[in-house]
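Structure file my_file15.txt with compact mmCIF, C-alpha atoms and all ligand atoms:
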# COMPACT_ATOMS: atom_id res chain seq x y z
CA MET A 19 -16.40 7.07 -14.02
CA PHE A 20 -13.69 4.70 -12.69
CA LEU A 21 -15.32 2.18 -10.29
CA SER A 22 -18.77 3.71 -10.63
CA ARG A 23 -20.00 0.39 -12.09
CA ARG A 24 -20.33 -2.51 -9.66
CA PRO A 25 -18.50 -5.04 -11.94
CA ASP A 26 -15.48 -2.65 -12.10
CA ARG A 27 -15.55 -2.33 -8.32
CA ILE A 28 -15.62 -6.13 -7.98
CA ASP A 29 -12.63 -6.44 -10.36
CA TRP A 30 -10.69 -3.96 -8.21
CA LEU A 31 -11.71 -5.61 -4.90
CA LYS A 32 -10.48 -9.00 -6.16
CA LYS A 33 -6.94 -7.62 -6.41
CA VAL A 34 -6.89 -6.22 -2.86
CA PRO A 35 -5.28 -8.60 -0.31
CA LEU A 36 -8.06 -7.88 2.22
CA PHE A 37 -10.62 -9.38 -0.15
CA SER A 38 -8.52 -12.02 -1.91
CA GLY A 39 -10.10 -15.45 -1.91
CA LEU A 40 -13.63 -14.11 -1.44
CA SER A 41 -16.42 -15.81 -3.37
CA GLY A 42 -18.20 -13.92 -6.17
CA ARG A 43 -21.21 -13.59 -3.88
CA ASP A 44 -19.18 -12.03 -1.08
CA LEU A 45 -17.36 -9.68 -3.46
CA ASP A 46 -20.75 -8.57 -4.74
CA LEU A 47 -21.89 -8.00 -1.14
CA VAL A 48 -18.83 -5.83 -0.44
CA ALA A 49 -19.22 -3.91 -3.71
CA ARG A 50 -22.88 -3.16 -2.89
CA GLY A 51 -21.86 -1.73 0.50
CA THR A 52 -19.34 0.78 -0.88
CA ASP A 53 -19.49 4.31 -2.27
CA VAL A 54 -16.79 5.87 -4.42
CA VAL A 55 -15.44 9.15 -3.03
CA ARG A 56 -12.69 11.39 -4.39
CA ALA A 57 -10.71 13.95 -2.43
CA ASP A 58 -7.92 16.43 -3.16
CA GLY A 59 -4.43 16.23 -1.67
CA GLY A 60 -4.38 17.81 1.80
CA LYS A 61 -7.91 16.73 2.67
CA VAL A 62 -8.38 15.27 6.17
CA LEU A 63 -10.04 11.90 5.58
CA THR A 64 -10.41 10.94 9.25
CA ARG A 65 -9.77 13.30 12.16
CA GLN A 66 -8.15 12.13 15.40
CA GLY A 67 -10.52 12.32 18.36
CA THR A 68 -13.78 12.34 16.38
CA LEU A 69 -16.25 9.46 16.32
CA GLY A 70 -15.76 7.12 13.40
CA GLU A 71 -18.62 6.49 11.02
CA GLU A 72 -16.85 4.94 8.06
CA PHE A 73 -14.37 2.29 6.99
CA LEU A 74 -12.28 3.44 4.03
CA LEU A 75 -10.28 1.69 1.33
CA LEU A 76 -7.67 3.62 -0.58
CA VAL A 77 -8.17 2.81 -4.27
CA ASP A 78 -5.76 5.35 -5.71
CA GLY A 79 -3.25 7.84 -4.30
CA SER A 80 -1.53 7.93 -0.94
CA ALA A 81 -2.23 9.24 2.55
CA ARG A 82 -0.31 9.77 5.78
CA VAL A 83 -1.45 8.77 9.22
CA GLU A 84 -0.78 11.42 11.89
CA ARG A 85 -1.08 11.16 15.64
CA ASP A 86 -0.89 14.43 17.57
CA ALA A 87 0.19 16.09 14.28
CA LYS A 88 3.19 13.73 13.90
CA PRO A 89 3.37 11.30 10.96
CA ILE A 90 3.29 7.66 12.07
CA ALA A 91 2.52 5.71 8.89
CA ARG A 92 1.82 5.96 5.20
CA LEU A 93 -1.03 4.33 3.32
CA ASP A 94 -1.08 3.43 -0.37
CA ALA A 95 -3.50 1.97 -2.90
CA GLY A 96 -5.06 -1.23 -1.51
CA ASP A 97 -4.63 -0.18 2.13
CA PHE A 98 -7.62 0.35 4.43
CA PHE A 99 -8.19 2.58 7.45
CA GLY A 100 -10.89 3.68 9.86
CA GLU A 101 -11.55 0.15 11.17
CA MET A 102 -10.43 0.80 14.77
CA SER A 103 -13.12 3.28 15.72
CA LEU A 104 -15.82 1.11 14.16
CA ILE A 105 -14.61 -1.99 16.01
CA ASP A 106 -14.13 -0.53 19.51
CA GLY A 107 -16.56 2.40 19.34
CA LYS A 108 -13.89 4.82 20.59
CA PRO A 109 -12.80 8.06 18.89
CA ARG A 110 -10.48 7.97 15.87
CA SER A 111 -6.97 7.06 17.02
CA ALA A 112 -5.28 9.19 14.36
CA SER A 113 -5.90 11.58 11.51
CA VAL A 114 -5.49 10.33 7.96
CA ILE A 115 -4.63 13.02 5.43
CA ALA A 116 -4.54 12.66 1.64
CA GLU A 117 -1.03 13.32 0.32
CA THR A 118 -2.18 13.26 -3.32
CA PRO A 119 -5.61 13.35 -4.93
CA VAL A 120 -7.22 10.12 -3.73
CA THR A 121 -10.04 7.80 -4.72
CA LEU A 122 -11.67 5.91 -1.86
CA LEU A 123 -14.25 3.21 -1.42
CA VAL A 124 -16.23 4.14 1.68
CA VAL A 125 -18.28 1.70 3.77
CA ASP A 126 -20.63 3.13 6.41
CA SER A 127 -20.51 1.67 9.93
CA ARG A 128 -23.70 -0.36 9.57
CA SER A 129 -22.59 -1.97 6.30
CA PHE A 130 -19.15 -2.60 7.83
CA ARG A 131 -20.72 -4.52 10.72
CA CYS A 132 -22.89 -6.51 8.30
CA LEU A 133 -19.84 -7.36 6.17
CA LEU A 134 -17.88 -8.53 9.23
CA ASP A 135 -20.73 -10.92 10.04
CA ALA A 136 -21.44 -12.01 6.49
CA VAL A 137 -18.01 -12.39 4.86
CA PRO A 138 -15.98 -15.36 6.13
CA GLY A 139 -12.38 -14.53 6.97
CA LEU A 140 -12.80 -10.74 6.88
CA ARG A 141 -12.45 -10.31 10.66
CA ARG A 142 -9.32 -12.43 10.65
CA LYS A 143 -7.71 -10.49 7.78
CA ILE A 144 -8.43 -7.18 9.47
CA SER A 145 -7.01 -8.57 12.75
CA VAL A 146 -3.81 -9.66 10.95
CA THR A 147 -3.34 -6.12 9.58
CA LEU A 148 -3.95 -4.67 13.05
CA CYS A 149 -1.24 -7.02 14.41
CA ASP A 150 1.17 -5.95 11.64
CA ARG A 151 0.54 -2.28 12.43
CA LEU A 152 1.07 -2.88 16.16
CA ARG A 153 4.33 -4.74 15.49
CA GLN A 154 5.57 -1.87 13.28
CA ALA A 155 4.57 0.71 15.88
CA ASP A 156 6.36 -1.30 18.62
CA ALA A 157 9.49 -1.63 16.46
CA ALA A 158 9.50 2.12 15.74
CA LEU A 159 9.09 2.87 19.46
CA ALA A 160 11.92 0.50 20.42
CA GLU A 161 14.20 2.14 17.82
CA ARG A 162 13.53 5.56 19.31
CA ASN A 163 14.27 4.47 22.90
P1 LIG B 1 -9.42 4.76 13.37
O1 LIG B 1 -8.85 4.91 14.73
O2 LIG B 1 -10.84 4.44 13.23
O3 LIG B 1 -9.12 6.11 12.54
C1 LIG B 1 -7.77 6.43 12.25
C2 LIG B 1 -7.18 5.27 11.49
O4 LIG B 1 -5.79 5.38 11.19
C3 LIG B 1 -7.22 4.00 12.35
O5 LIG B 1 -8.57 3.65 12.56
C4 LIG B 1 -6.38 3.07 11.54
O6 LIG B 1 -7.12 2.57 10.45
C5 LIG B 1 -5.31 4.05 11.01
N1 LIG B 1 -4.10 3.91 11.81
C6 LIG B 1 -3.91 4.25 13.10
N2 LIG B 1 -2.64 3.96 13.49
C7 LIG B 1 -2.03 3.42 12.43
C8 LIG B 1 -0.72 2.91 12.17
N3 LIG B 1 0.23 2.92 13.13
N4 LIG B 1 -0.45 2.41 10.95
C9 LIG B 1 -1.38 2.42 9.97
N5 LIG B 1 -2.63 2.89 10.13
C10 LIG B 1 -2.96 3.38 11.35
Represent the structure from my file as structure tokens, please.
Amino acid sequence: MFLSRRPDRIDWLKKVPLFSGLSGRDLDLVARGTDVVRADGGKVLTRQGTLGEEFLLLVDGSARVERDAKPIARLDAGDFFGEMSLIDGKPRSASVIAETPVTLLVVDSRSFRCLLDAVPGLRRKISVTLCDRLRQADAALAERN
């Protein structure tokens, strides 16, 4: 099965901007902490308002992010989601819904915390993406007003 072997997972992780520049050891650490999950189009992958237990990486397919049932963003292969709830311990800020059949790499909250501590630069890269998303959300809000 695609990505079921750890070396295949490492090869895929290497190409994802979030993990670019990681050492072989750190890539191996990340690959060990992930499970491969598949879901059909239409499946709710995270539900707004619930407590988050996983960090998810979209390997294949696309998903939309909805807040209060309104679309606010789209995610494609290589994008990640579910980090906010794991970082601040608050409920999921949005729902993420598969738009096509998707393949995901899923990291449970404990492994996510371990990876943040163990993998140099990971916190910073996640923070940069959070800043990008905030800037886009601000720009969209300003356009509407
Ligand atoms: P979390 O709040 O844990 O669960 C829902 C996820 O949707 C959230 O983490 C982010 O990963 C993602 N998300 C929320 N808002 C946006 C946005 N504006 N753009 C992209 N992704 C988002």
Counting only C-alpha atoms, the residue of A:Leu63, A:Leu123, A:Arg131, A:Glu84 that sits nearest Ser22 of chain A
A:Leu123
Name each residue within 10 Å of ligand LIG 1 (chain B), counting only C-alpha atoms and all ligand atoms, as a ChimeraX atom specification.
/A:63-75,81-85,89-93,97-115,144,147-148,150-156,158
One-decimal distance in Å that lies between atom CA of Ala157 of chain A and atom CA of Gly96 of chain A
23.1 Å
May I ask which of the residues A:Thr118, A:Leu140, A:Arg162, A:Val146 is the closest one to Ser41 of chain A, counting all atoms listed in the file?
A:Leu140
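The interatomic distance for the pair atom CA of Leu76 of chain A and atom CA of Asp94 of chain A works out to 6.6 Å.
Here atom CA of Ala95 of chain A is placed at a distance of 17.4 Å from atom CA of Val48 of chain A.
Distance annotation: of A:Val62, A:Val54, A:Leu159, A:Val77, the residue with the minimal separation from Val124 of chain A is A:Val54; atom set is only C-alpha atoms.
When all atoms listed in the file are used to measure the gap to Leu47 of chain A, the shortest distance among A:Lys33, A:Arg128, A:Lys143, A:Arg24 belongs to A:Arg24.
Comparing A:Asp78, A:Asp126, A:Asp26, A:Glu117 by their smallest distance to Asp53 of chain A, the closest is A:Asp126 (using only C-alpha atoms).
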Please list, as a ChimeraX atom specification, the residues that have an atom at most 10 Å away from (-21.7, -10.9, 2.2) in the coordinates of this file, counting only C-alpha atoms.
/A:40-51,129,132-138
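Proximity ranking of A:Cys149, A:Thr52, A:Leu21, A:Gly139 relative to Ser38 of chain A places A:Gly139 first, based on all atoms listed in the file.
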If the box runs along x, y and z of the file and leaves 5 Å on each side of segment 113-123 of chain A, what are its centre and edge lengths in Å, one decimal, as JSON?
{"center_x": -7.6, "center_y": 8.3, "center_z": 3.3, "size_x": 23.2, "size_y": 20.1, "size_z": 26.4}
